[in-house]
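Colleague: Sharing entry.cif below, mmCIF, C-alpha atoms, pLDDT in the B column; chains and numbers go by the auth columns:
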```
data_work
loop_
_atom_site.group_PDB
_atom_site.id
_atom_site.type_symbol
_atom_site.label_atom_id
_atom_site.label_comp_id
_atom_site.label_asym_id
_atom_site.label_seq_id
_atom_site.Cartn_x
_atom_site.Cartn_y
_atom_site.Cartn_z
_atom_site.B_iso_or_equiv
_atom_site.auth_seq_id
_atom_site.auth_asym_id
ATOM 1 C CA MET A 1 -139.763 108.929 -111.636 60.00 14 Y
ATOM 2 C CA PRO A 2 -139.822 105.254 -112.635 74.00 15 Y
ATOM 3 C CA ASP A 3 -136.421 103.717 -113.283 88.00 16 Y
ATOM 4 C CA VAL A 4 -136.608 102.755 -116.963 93.00 17 Y
ATOM 5 C CA ASN A 5 -133.515 100.570 -116.761 93.00 18 Y
ATOM 6 C CA ALA A 6 -134.942 98.617 -113.815 95.00 19 Y
ATOM 7 C CA LEU A 7 -138.215 98.164 -115.679 96.00 20 Y
ATOM 8 C CA LEU A 8 -136.381 96.976 -118.774 97.00 21 Y
ATOM 9 C CA ALA A 9 -134.423 94.501 -116.638 97.00 22 Y
ATOM 10 C CA ASP A 10 -137.697 93.093 -115.309 98.00 23 Y
ATOM 11 C CA LEU A 11 -139.119 93.007 -118.845 98.00 24 Y
ATOM 12 C CA THR A 12 -136.070 91.017 -119.952 98.00 25 Y
ATOM 13 C CA ALA A 13 -136.564 88.607 -117.055 98.00 26 Y
ATOM 14 C CA GLU A 14 -140.239 88.157 -117.953 98.00 27 Y
ATOM 15 C CA ASN A 15 -139.360 87.447 -121.572 98.00 28 Y
ATOM 16 C CA ASP A 16 -136.661 85.021 -120.478 98.00 29 Y
ATOM 17 C CA SER A 17 -139.181 83.187 -118.292 97.00 30 Y
ATOM 18 C CA LEU A 18 -141.432 82.576 -121.298 98.00 31 Y
ATOM 19 C CA ASP A 19 -138.464 81.833 -123.547 98.00 32 Y
ATOM 20 C CA ALA A 20 -137.437 79.049 -121.152 98.00 33 Y
ATOM 21 C CA LEU A 21 -140.847 77.423 -121.658 98.00 34 Y
ATOM 22 C CA VAL A 22 -140.873 77.447 -125.447 98.00 35 Y
ATOM 23 C CA ALA A 23 -137.199 77.101 -126.412 98.00 36 Y
ATOM 24 C CA PRO A 24 -136.947 73.370 -125.549 98.00 37 Y
ATOM 25 C CA LEU A 25 -140.212 72.441 -127.285 98.00 38 Y
ATOM 26 C CA PRO A 26 -140.074 70.125 -130.295 98.00 39 Y
ATOM 27 C CA ALA A 27 -141.492 71.759 -133.417 97.00 40 Y
ATOM 28 C CA ALA A 28 -144.768 69.833 -133.170 97.00 41 Y
ATOM 29 C CA ARG A 29 -145.571 71.286 -129.729 98.00 42 Y
ATOM 30 C CA TRP A 30 -145.650 74.832 -131.121 98.00 43 Y
ATOM 31 C CA ALA A 31 -148.979 73.822 -132.648 98.00 44 Y
ATOM 32 C CA ASP A 32 -150.498 73.035 -129.225 98.00 45 Y
ATOM 33 C CA PRO A 33 -153.705 75.011 -128.627 98.00 46 Y
ATOM 34 C CA THR A 34 -153.739 77.670 -125.911 97.00 47 Y
ATOM 35 C CA PRO A 35 -156.675 79.129 -123.949 94.00 48 Y
ATOM 36 C CA ALA A 36 -157.040 81.914 -126.559 91.00 49 Y
ATOM 37 C CA ALA A 37 -159.554 80.547 -129.049 90.00 50 Y
ATOM 38 C CA GLY A 38 -157.856 79.524 -132.301 93.00 51 Y
ATOM 39 C CA TRP A 39 -154.370 80.436 -131.083 96.00 52 Y
ATOM 40 C CA THR A 40 -151.536 77.962 -130.764 97.00 53 Y
ATOM 41 C CA ILE A 41 -148.266 78.515 -128.930 98.00 54 Y
ATOM 42 C CA ALA A 42 -146.843 79.758 -132.245 98.00 55 Y
ATOM 43 C CA HIS A 43 -149.650 82.332 -132.488 97.00 56 Y
ATOM 44 C CA GLN A 44 -148.856 83.570 -128.986 97.00 57 Y
ATOM 45 C CA ILE A 45 -145.143 84.070 -129.631 98.00 58 Y
ATOM 46 C CA ALA A 46 -145.756 85.615 -133.065 97.00 59 Y
ATOM 47 C CA HIS A 47 -148.211 88.061 -131.486 96.00 60 Y
ATOM 48 C CA LEU A 48 -145.652 89.116 -128.894 97.00 61 Y
ATOM 49 C CA ALA A 49 -143.015 89.547 -131.609 97.00 62 Y
ATOM 50 C CA TRP A 50 -145.462 91.627 -133.660 95.00 63 Y
ATOM 51 C CA THR A 51 -146.407 93.851 -130.721 95.00 64 Y
ATOM 52 C CA ASP A 52 -142.763 94.365 -129.806 97.00 65 Y
ATOM 53 C CA ASP A 53 -142.224 95.540 -133.386 96.00 66 Y
ATOM 54 C CA GLN A 54 -145.038 98.099 -132.989 95.00 67 Y
ATOM 55 C CA ALA A 55 -143.336 99.362 -129.816 96.00 68 Y
ATOM 56 C CA ILE A 56 -140.082 99.767 -131.748 97.00 69 Y
ATOM 57 C CA VAL A 57 -141.883 101.899 -134.345 96.00 70 Y
ATOM 58 C CA ALA A 58 -143.454 104.016 -131.581 96.00 71 Y
ATOM 59 C CA ALA A 59 -140.037 104.581 -129.988 97.00 72 Y
ATOM 60 C CA THR A 60 -137.928 105.113 -133.113 97.00 73 Y
ATOM 61 C CA ASP A 61 -140.288 106.452 -135.798 96.00 74 Y
ATOM 62 C CA PRO A 62 -143.354 108.025 -134.150 94.00 75 Y
ATOM 63 C CA ASP A 63 -144.279 109.826 -137.376 95.00 76 Y
ATOM 64 C CA ALA A 64 -144.975 106.427 -138.938 95.00 77 Y
ATOM 65 C CA PHE A 65 -147.267 105.330 -136.135 94.00 78 Y
ATOM 66 C CA PRO A 66 -150.468 107.099 -137.269 93.00 79 Y
ATOM 67 C CA ALA A 67 -150.632 104.760 -140.274 93.00 80 Y
ATOM 68 C CA LEU A 68 -150.522 101.777 -137.938 90.00 81 Y
ATOM 69 C CA LEU A 69 -153.231 103.330 -135.782 88.00 82 Y
ATOM 70 C CA GLU A 70 -155.455 103.934 -138.815 90.00 83 Y
ATOM 71 C CA ALA A 71 -155.068 100.304 -139.865 87.00 84 Y
ATOM 72 C CA ALA A 72 -155.958 99.165 -136.360 84.00 85 Y
ATOM 73 C CA ILE A 73 -159.076 101.360 -136.269 85.00 86 Y
ATOM 74 C CA ALA A 74 -160.176 100.157 -139.709 85.00 87 Y
ATOM 75 C CA ASP A 75 -159.937 96.469 -138.770 81.00 88 Y
ATOM 76 C CA PRO A 76 -159.163 95.989 -135.061 73.00 89 Y
ATOM 77 C CA GLY A 77 -159.482 92.225 -134.985 71.00 90 Y
ATOM 78 C CA GLY A 78 -157.818 91.553 -138.313 79.00 91 Y
ATOM 79 C CA PHE A 79 -154.960 93.929 -137.588 77.00 92 Y
ATOM 80 C CA ILE A 80 -153.960 91.988 -134.493 77.00 93 Y
ATOM 81 C CA GLU A 81 -154.671 88.559 -135.972 83.00 94 Y
ATOM 82 C CA GLU A 82 -152.450 89.281 -138.967 84.00 95 Y
ATOM 83 C CA GLY A 83 -149.337 89.457 -136.807 86.00 96 Y
ATOM 84 C CA ALA A 84 -150.253 86.329 -134.846 91.00 97 Y
ATOM 85 C CA ALA A 85 -151.111 84.380 -138.007 91.00 98 Y
ATOM 86 C CA ARG A 86 -147.477 84.469 -139.129 89.00 99 Y
ATOM 87 C CA GLY A 87 -146.536 82.121 -136.324 93.00 100 Y
ATOM 88 C CA PRO A 88 -147.931 78.776 -137.498 93.00 101 Y
ATOM 89 C CA ALA A 89 -146.506 79.317 -140.986 93.00 102 Y
ATOM 90 C CA GLU A 90 -143.023 79.949 -139.647 96.00 103 Y
ATOM 91 C CA ASP A 91 -140.367 77.451 -138.651 97.00 104 Y
ATOM 92 C CA PRO A 92 -140.371 77.501 -134.824 98.00 105 Y
ATOM 93 C CA ALA A 93 -136.616 78.088 -134.676 98.00 106 Y
ATOM 94 C CA ALA A 94 -136.966 81.086 -137.002 98.00 107 Y
ATOM 95 C CA LEU A 95 -139.919 82.427 -135.011 98.00 108 Y
ATOM 96 C CA LEU A 96 -137.991 82.086 -131.773 98.00 109 Y
ATOM 97 C CA ALA A 97 -135.000 83.901 -133.279 98.00 110 Y
ATOM 98 C CA ARG A 98 -137.248 86.670 -134.645 98.00 111 Y
ATOM 99 C CA TRP A 99 -138.914 87.162 -131.274 98.00 112 Y
ATOM 100 C CA ARG A 100 -135.561 87.284 -129.493 98.00 113 Y
ATOM 101 C CA ASP A 101 -134.141 89.795 -131.969 98.00 114 Y
ATOM 102 C CA GLY A 102 -137.196 92.025 -131.619 98.00 115 Y
ATOM 103 C CA ARG A 103 -136.936 91.951 -127.847 97.00 116 Y
ATOM 104 C CA ARG A 104 -133.310 93.039 -128.038 98.00 117 Y
ATOM 105 C CA ARG A 105 -134.105 95.880 -130.440 98.00 118 Y
ATOM 106 C CA MET A 106 -137.094 97.019 -128.393 98.00 119 Y
ATOM 107 C CA HIS A 107 -135.009 97.102 -125.220 97.00 120 Y
ATOM 108 C CA ALA A 108 -132.432 99.322 -126.946 97.00 121 Y
ATOM 109 C CA ALA A 109 -135.127 101.559 -128.443 98.00 122 Y
ATOM 110 C CA LEU A 110 -136.926 102.143 -125.144 97.00 123 Y
ATOM 111 C CA ALA A 111 -133.672 102.730 -123.275 97.00 124 Y
ATOM 112 C CA ALA A 112 -132.831 105.500 -125.756 97.00 125 Y
ATOM 113 C CA VAL A 113 -136.141 107.408 -125.420 96.00 126 Y
ATOM 114 C CA PRO A 114 -135.514 110.832 -123.826 95.00 127 Y
ATOM 115 C CA SER A 115 -137.081 111.372 -120.426 92.00 128 Y
ATOM 116 C CA GLY A 116 -140.495 113.012 -120.672 93.00 129 Y
ATOM 117 C CA THR A 117 -141.139 111.870 -124.251 96.00 130 Y
ATOM 118 C CA LYS A 118 -144.592 110.445 -124.917 96.00 131 Y
ATOM 119 C CA LEU A 119 -144.784 107.555 -127.361 96.00 132 Y
ATOM 120 C CA PRO A 120 -147.855 106.969 -129.549 94.00 133 Y
ATOM 121 C CA TRP A 121 -149.805 103.768 -128.968 92.00 134 Y
ATOM 122 C CA PHE A 122 -153.133 102.073 -129.656 87.00 135 Y
ATOM 123 C CA GLY A 123 -154.369 103.482 -126.360 80.00 136 Y
ATOM 124 C CA PRO A 124 -153.234 106.689 -124.651 84.00 137 Y
ATOM 125 C CA PRO A 125 -149.672 107.904 -125.428 92.00 138 Y
ATOM 126 C CA MET A 126 -147.126 106.796 -122.847 93.00 139 Y
ATOM 127 C CA GLY A 127 -143.545 107.274 -121.735 95.00 140 Y
ATOM 128 C CA ALA A 128 -140.837 104.660 -122.141 96.00 141 Y
ATOM 129 C CA ALA A 129 -141.310 103.386 -118.574 95.00 142 Y
ATOM 130 C CA THR A 130 -145.021 102.847 -119.103 93.00 143 Y
ATOM 131 C CA MET A 131 -144.362 101.204 -122.461 95.00 144 Y
ATOM 132 C CA ALA A 132 -141.925 98.793 -120.808 96.00 145 Y
ATOM 133 C CA THR A 133 -144.536 98.069 -118.131 95.00 146 Y
ATOM 134 C CA ALA A 134 -147.186 97.443 -120.783 94.00 147 Y
ATOM 135 C CA ARG A 135 -144.894 95.070 -122.659 96.00 148 Y
ATOM 136 C CA LEU A 136 -144.124 93.214 -119.434 97.00 149 Y
ATOM 137 C CA MET A 137 -147.830 92.918 -118.651 96.00 150 Y
ATOM 138 C CA GLU A 138 -148.640 91.494 -122.064 96.00 151 Y
ATOM 139 C CA THR A 139 -145.652 89.152 -122.056 97.00 152 Y
ATOM 140 C CA TRP A 140 -146.701 87.837 -118.660 98.00 153 Y
ATOM 141 C CA ALA A 141 -150.329 87.392 -119.774 97.00 154 Y
ATOM 142 C CA HIS A 142 -149.456 85.503 -122.948 97.00 155 Y
ATOM 143 C CA GLY A 143 -146.882 83.563 -120.963 98.00 156 Y
ATOM 144 C CA GLU A 144 -149.714 82.392 -118.722 97.00 157 Y
ATOM 145 C CA ASP A 145 -151.572 81.194 -121.834 97.00 158 Y
ATOM 146 C CA VAL A 146 -148.537 79.221 -122.973 98.00 159 Y
ATOM 147 C CA ALA A 147 -147.932 77.788 -119.503 98.00 160 Y
ATOM 148 C CA GLU A 148 -151.529 76.627 -119.294 97.00 161 Y
ATOM 149 C CA ALA A 149 -151.262 74.999 -122.713 97.00 162 Y
ATOM 150 C CA LEU A 150 -148.202 73.106 -121.507 98.00 163 Y
ATOM 151 C CA GLY A 151 -149.729 72.178 -118.155 97.00 164 Y
ATOM 152 C CA VAL A 152 -147.091 74.190 -116.306 96.00 165 Y
ATOM 153 C CA ARG A 153 -147.603 76.431 -113.286 94.00 166 Y
ATOM 154 C CA ARG A 154 -145.232 79.388 -113.177 94.00 167 Y
ATOM 155 C CA GLU A 155 -144.344 80.705 -109.748 94.00 168 Y
ATOM 156 C CA PRO A 156 -145.478 84.337 -109.314 96.00 169 Y
ATOM 157 C CA THR A 157 -142.665 86.854 -108.876 97.00 170 Y
ATOM 158 C CA HIS A 158 -142.183 90.462 -107.780 97.00 171 Y
ATOM 159 C CA ARG A 159 -142.716 91.416 -111.444 98.00 172 Y
ATOM 160 C CA LEU A 160 -146.449 91.042 -110.861 98.00 173 Y
ATOM 161 C CA ARG A 161 -146.313 94.454 -109.211 97.00 174 Y
ATOM 162 C CA HIS A 162 -145.804 96.001 -112.664 97.00 175 Y
ATOM 163 C CA VAL A 163 -148.802 94.104 -114.020 97.00 176 Y
ATOM 164 C CA ALA A 164 -150.916 95.162 -111.060 98.00 177 Y
ATOM 165 C CA HIS A 165 -149.748 98.763 -111.398 96.00 178 Y
ATOM 166 C CA ILE A 166 -150.847 99.073 -114.998 95.00 179 Y
ATOM 167 C CA GLY A 167 -154.085 97.308 -114.106 96.00 180 Y
ATOM 168 C CA VAL A 168 -154.805 99.999 -111.519 97.00 181 Y
ATOM 169 C CA ARG A 169 -153.729 102.850 -113.799 94.00 182 Y
ATOM 170 C CA THR A 170 -156.004 101.690 -116.631 93.00 183 Y
ATOM 171 C CA ARG A 171 -159.137 101.805 -114.496 96.00 184 Y
ATOM 172 C CA ASP A 172 -160.636 104.818 -116.290 95.00 185 Y
ATOM 173 C CA PHE A 173 -159.638 103.413 -119.688 92.00 186 Y
ATOM 174 C CA ALA A 174 -161.533 100.205 -118.893 94.00 187 Y
ATOM 175 C CA PHE A 175 -164.677 102.200 -118.181 95.00 188 Y
ATOM 176 C CA GLY A 176 -164.214 104.392 -121.254 93.00 189 Y
ATOM 177 C CA THR A 177 -163.667 101.531 -123.686 90.00 190 Y
ATOM 178 C CA ARG A 178 -167.056 100.165 -122.585 92.00 191 Y
ATOM 179 C CA GLY A 179 -168.710 103.521 -123.161 93.00 192 Y
ATOM 180 C CA LEU A 180 -169.073 104.118 -119.418 95.00 193 Y
ATOM 181 C CA THR A 181 -168.231 107.229 -117.410 96.00 194 Y
ATOM 182 C CA PRO A 182 -165.294 106.556 -115.077 96.00 195 Y
ATOM 183 C CA PRO A 183 -165.943 107.116 -111.372 96.00 196 Y
ATOM 184 C CA ALA A 184 -164.894 110.547 -110.124 95.00 197 Y
ATOM 185 C CA GLU A 185 -163.224 109.235 -106.986 96.00 198 Y
ATOM 186 C CA GLU A 186 -160.086 107.136 -106.598 96.00 199 Y
ATOM 187 C CA PHE A 187 -160.296 103.610 -105.252 97.00 200 Y
ATOM 188 C CA ARG A 188 -158.022 102.075 -102.666 98.00 201 Y
ATOM 189 C CA VAL A 189 -156.386 98.904 -104.025 98.00 202 Y
ATOM 190 C CA GLU A 190 -154.685 96.604 -101.515 98.00 203 Y
ATOM 191 C CA LEU A 191 -152.965 93.487 -102.829 98.00 204 Y
ATOM 192 C CA THR A 192 -150.831 90.794 -101.264 98.00 205 Y
ATOM 193 C CA GLY A 193 -147.658 90.121 -103.229 98.00 206 Y
ATOM 194 C CA PRO A 194 -146.116 86.680 -103.810 97.00 207 Y
ATOM 195 C CA SER A 195 -143.931 86.908 -100.699 96.00 208 Y
ATOM 196 C CA GLY A 196 -146.725 88.236 -98.490 97.00 209 Y
ATOM 197 C CA GLU A 197 -145.796 91.889 -98.946 97.00 210 Y
ATOM 198 C CA ALA A 198 -148.492 94.586 -99.106 98.00 211 Y
ATOM 199 C CA TRP A 199 -148.904 96.514 -102.378 98.00 212 Y
ATOM 200 C CA THR A 200 -151.214 99.514 -102.252 98.00 213 Y
ATOM 201 C CA TRP A 201 -152.555 102.217 -104.550 98.00 214 Y
ATOM 202 C CA GLY A 202 -154.950 105.083 -103.889 97.00 215 Y
ATOM 203 C CA PRO A 203 -155.849 107.032 -100.758 97.00 216 Y
ATOM 204 C CA GLU A 204 -156.034 105.070 -97.525 95.00 217 Y
ATOM 205 C CA GLY A 205 -159.382 106.568 -96.629 92.00 218 Y
ATOM 206 C CA ALA A 206 -161.080 105.956 -99.989 97.00 219 Y
ATOM 207 C CA ARG A 207 -164.764 105.042 -99.747 97.00 220 Y
ATOM 208 C CA GLN A 208 -164.434 102.249 -102.322 98.00 221 Y
ATOM 209 C CA SER A 209 -161.746 99.605 -102.427 98.00 222 Y
ATOM 210 C CA VAL A 210 -160.460 96.410 -104.028 98.00 223 Y
ATOM 211 C CA ARG A 211 -158.500 93.728 -102.176 98.00 224 Y
ATOM 212 C CA GLY A 212 -156.994 90.345 -102.877 98.00 225 Y
ATOM 213 C CA PRO A 213 -153.904 88.351 -103.871 98.00 226 Y
ATOM 214 C CA ALA A 214 -151.754 90.117 -106.459 98.00 227 Y
ATOM 215 C CA LEU A 215 -151.748 87.087 -108.763 98.00 228 Y
ATOM 216 C CA ASP A 216 -155.545 86.952 -108.796 98.00 229 Y
ATOM 217 C CA PHE A 217 -155.821 90.678 -109.476 98.00 230 Y
ATOM 218 C CA CYS A 218 -153.331 90.382 -112.344 98.00 231 Y
ATOM 219 C CA LEU A 219 -155.238 87.457 -113.858 97.00 232 Y
ATOM 220 C CA LEU A 220 -158.373 89.592 -113.598 97.00 233 Y
ATOM 221 C CA VAL A 221 -157.016 92.751 -115.258 97.00 234 Y
ATOM 222 C CA ALA A 222 -155.287 90.695 -117.953 95.00 235 Y
ATOM 223 C CA ARG A 223 -158.710 89.108 -118.541 95.00 236 Y
ATOM 224 C CA ARG A 224 -157.344 85.588 -118.104 95.00 237 Y
ATOM 225 C CA ARG A 225 -159.870 84.552 -115.445 94.00 238 Y
ATOM 226 C CA HIS A 226 -163.440 85.373 -114.517 94.00 239 Y
ATOM 227 C CA ARG A 227 -163.782 87.231 -111.264 95.00 240 Y
ATOM 228 C CA ASP A 228 -165.850 84.370 -109.800 95.00 241 Y
ATOM 229 C CA ASP A 229 -162.741 82.176 -109.968 96.00 242 Y
ATOM 230 C CA LEU A 230 -160.551 84.671 -108.129 97.00 243 Y
ATOM 231 C CA ALA A 231 -160.196 85.858 -104.541 97.00 244 Y
ATOM 232 C CA VAL A 232 -160.503 89.540 -105.427 98.00 245 Y
ATOM 233 C CA THR A 233 -163.215 91.483 -103.607 98.00 246 Y
ATOM 234 C CA ALA A 234 -164.689 94.945 -103.985 98.00 247 Y
ATOM 235 C CA ASP A 235 -166.219 97.311 -101.467 98.00 248 Y
ATOM 236 C CA GLY A 236 -168.485 99.836 -103.177 98.00 249 Y
ATOM 237 C CA PRO A 237 -170.695 99.742 -106.276 97.00 250 Y
ATOM 238 C CA ASP A 238 -168.245 101.384 -108.669 97.00 251 Y
ATOM 239 C CA ALA A 239 -165.369 99.228 -107.484 98.00 252 Y
ATOM 240 C CA ASP A 240 -167.554 96.158 -107.899 97.00 253 Y
ATOM 241 C CA ARG A 241 -168.475 97.224 -111.421 97.00 254 Y
ATOM 242 C CA TRP A 242 -164.798 97.727 -112.241 97.00 255 Y
ATOM 243 C CA LEU A 243 -163.977 94.132 -111.358 96.00 256 Y
ATOM 244 C CA GLY A 244 -166.354 93.021 -114.090 94.00 257 Y
ATOM 245 C CA ILE A 245 -164.769 95.163 -116.822 95.00 258 Y
ATOM 246 C CA ALA A 246 -161.144 95.708 -115.770 95.00 259 Y
ATOM 247 C CA GLN A 247 -158.519 95.393 -118.492 94.00 260 Y
ATOM 248 C CA ALA A 248 -154.857 96.323 -118.450 91.00 261 Y
ATOM 249 C CA PHE A 249 -154.328 96.336 -122.220 86.00 262 Y
ATOM 250 C CA ALA A 250 -155.211 98.720 -125.047 79.00 263 Y
ATOM 251 C CA GLY A 251 -157.923 97.982 -127.564 75.00 264 Y
ATOM 252 C CA ALA A 252 -161.300 96.309 -127.355 75.00 265 Y
ATOM 253 C CA PRO A 253 -161.923 94.059 -124.337 76.00 266 Y
ATOM 254 C CA GLY A 254 -162.863 91.036 -126.411 75.00 267 Y
ATOM 255 C CA ALA A 255 -165.083 88.257 -125.084 77.00 268 Y
ATOM 256 C CA ASP A 256 -165.549 88.188 -121.340 81.00 269 Y
ATOM 257 C CA PRO A 257 -163.790 85.269 -119.610 85.00 270 Y
ATOM 258 C CA LYS A 258 -166.171 82.551 -118.508 86.00 271 Y
ATOM 259 C CA PRO A 259 -166.145 81.001 -115.032 89.00 272 Y
ATOM 260 C CA ARG A 260 -164.113 77.790 -114.961 81.00 273 Y
ATOM 261 C CA ASP A 261 -167.129 75.800 -113.749 69.00 274 Y
ATOM 262 C CA GLY A 262 -168.914 76.752 -116.961 53.00 275 Y
ATOM 263 C CA ALA A 263 -171.597 78.840 -115.268 46.00 276 Y
#
```
Show me this structure written as structure tokens.

Modeller:
Amino acid sequence: MPDVNALLADLTAENDSLDALVAPLPAARWADPTPAAGWTIAHQIAHLAWTDDQAIVAATDPDAFPALLEAAIADPGGFIEEGAARGPAEDPAALLARWRDGRRRMHAALAAVPSGTKLPWFGPPMGAATMATARLMETWAHGEDVAEALGVRREPTHRLRHVAHIGVRTRDFAFGTRGLTPPAEEFRVELTGPSGEAWTWGPEGARQSVRGPALDFCLLVARRRHRDDLAVTADGPDADRWLGIAQAFAGAPGADPKPRDGA
């Protein structure tokens, strides 16, 4: 059983890492553009605050969640953009305080979820541990967007294992959201963590496999880089196809990342 408290501690650390990037910024820098088309740093933080709020609803008032899901289905793009759009209109200090307060409330809400309880979400229902992992993954991914906007390189940490884990576990979802039938067999995934440690998933004797640095795999499944720019390799046709469509987050995949050389 995953240790929810340990996951929440790592989620807090991931949030704090991003907080340390944005907290010192003068107000004008919150309008800096990020790699997400049309999104500034303020959009990124407002989106995280909005998504944390949805997680709080899922954990504390699941009966209210179907209405959110219906709104998302009716207008997927607009539903997400609405939360992000609050950011540029908000005073950065107020936005920062709102994001911090939401993080605190979400932490408390997820810690209080009874073991075995499934929470509704925009993808498959999930337990509190998986929800914490999903929030960490998204916080890390949007943190990468902010870091790139600021010209900062963040050192990869052991927390990437959570991002990689949810990237592996969402394999079938990635196929399904593209209208494709997921492969029947498991893949072997072998990644090298930031300190050189080996992270593995799937049977050792699997016929198809994926290998590479954990950071590159995480950038791939978070759809922050094109596979041609990453040192992630596949052995087997289905595994190779997965690398082109992998996504660790719920919802539509959005536009495919383009290679950095413009090809």

Colleague: Using only C-alpha atoms, which of Y:Ser208, Y:Gly264, Y:Ser30, Y:Leu20 sits nearest Y:Arg166?

Modeller: Y:Ser30

Colleague: Rank Y:Asp269, Y:Asp229, Y:Asp88, Y:Glu203 by their smallest atom-to-atom distance to Y:Asp248, using all atoms listed in the file, and report the top residue only.

Modeller: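 Of the candidates, the smallest distance to Y:Asp248 is held by Y:Glu203.
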
Colleague: Within 8 Å of (-142.9, 81.0, -129.1) in the file's own coordinates, which protein, DNA or RNA residues have an atom, counting all atoms listed in the file? List them as a PyMOL selection string.

Modeller: chain Y and resi 32+35-36+43+54-59+105+108-109+112

Colleague: For Y:Phe262, find every residue with an atom within 10 Å (counting all atoms listed in the file), except residues of its own chain fewer than 6 positions away, and show them as a PDB file with C-alpha atoms, in the frame of the given file.

Modeller:
```
ATOM      1  CA  PHE Y 135    -153.133 102.073-129.656  1.00 87.00           C
ATOM      2  CA  GLY Y 136    -154.369 103.482-126.360  1.00 80.00           C
ATOM      3  CA  ALA Y 147    -147.186  97.443-120.783  1.00 94.00           C
ATOM      4  CA  ARG Y 148    -144.894  95.070-122.659  1.00 96.00           C
ATOM      5  CA  MET Y 150    -147.830  92.918-118.651  1.00 96.00           C
ATOM      6  CA  GLU Y 151    -148.640  91.494-122.064  1.00 96.00           C
ATOM      7  CA  ILE Y 179    -150.847  99.073-114.998  1.00 95.00           C
ATOM      8  CA  GLY Y 180    -154.085  97.308-114.106  1.00 96.00           C
ATOM      9  CA  THR Y 183    -156.004 101.690-116.631  1.00 93.00           C
ATOM     10  CA  PHE Y 186    -159.638 103.413-119.688  1.00 92.00           C
ATOM     11  CA  ALA Y 187    -161.533 100.205-118.893  1.00 94.00           C
ATOM     12  CA  VAL Y 234    -157.016  92.751-115.258  1.00 97.00           C
ATOM     13  CA  ALA Y 235    -155.287  90.695-117.953  1.00 95.00           C
ATOM     14  CA  ARG Y 236    -158.710  89.108-118.541  1.00 95.00           C
TER      15      ARG Y 236
END
```

Colleague: Just the number, please: distance in Å from atom CA of Y:Glu217 to atom CA of Y:Leu256, one decimal.

Modeller: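 Going from atom CA of Y:Glu217 over to atom CA of Y:Leu256, I get 19.3 Å.
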
Colleague: Using the chain letters and numbers from the file, give me the residues hit by the PyMOL selection byres ((chain Y and resi 16) around 12), as a list in words.

Modeller: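 That selection, the PyMOL selection byres ((chain Y and resi 16) around 12), comes back as Met14, Pro15, Val17, Asn18, Ala19, Leu20, Leu21, Ala22, Asp23, Leu123, Ala124, Ser128, Gly140, Ala141, Ala142, Thr143, Ala145 and Thr146 of chain Y.
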
Colleague: Starting from the displayed file, determine the output of the PyMOL selection byres ((chain Y and resi 230) around 12) and express the residue list as a PyMOL selection string.

Modeller: chain Y and resi 173-181+202-207+212+223-229+231-247+255-257+259-261

Colleague: Which residues, written as a list in words, have at least one atom at most 7 Å from Y:Gly115, with all atoms listed in the file counted and residues fewer than 2 positions away on the same chain left out?

Modeller: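 Using all atoms listed in the file, the neighbours found are Ala62, Asp65, Asp66, Arg111, Trp112, Arg113, Arg117, Arg118 and Met119 of chain Y.
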
Colleague: For a test of reading the model, state the distance in Å between atom CA of Y:Gly51 and atom CA of Y:Ala98, rounded to one decimal.

Modeller: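 We find that atom CA of Y:Gly51 and atom CA of Y:Ala98 lie 10.1 Å from each other.
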
Colleague: Expand the PyMOL selection byres ((chain Y and resi 157) around 10) into the individual residues it matches in the shown file, reporting them as a ChimeraX atom specification.

Modeller: /Y:31,47-48,151-156,158-163,165-167,232,237

Colleague: Please compute the atom CA of Y:Pro75-atom CA of Y:Pro133 distance, one decimal, in Å.

Modeller: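 Computing it gives 6.5 Å between the two atoms.
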
Colleague: Which residue, Y:His60, Y:Pro127, Y:Leu132, Y:Arg184, has the smallest gap to Y:Asp74 when you use only C-alpha atoms?

Modeller: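 Closest to Y:Asp74, using only C-alpha atoms: Y:Leu132.
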
Colleague: I'd like to know which of Y:Ala41, Y:Glu199, Y:Gly189, Y:His120 is closest to Y:Leu24, using all atoms listed in the file.

Modeller: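 Residue with the minimum atom-to-atom distance to Y:Leu24: Y:His120.
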
Colleague: Counting only C-alpha atoms, which of Y:Gly90, Y:Gly192, Y:Pro39, Y:Pro137 gets nearest to Y:Asp104?

Modeller: Y:Pro39
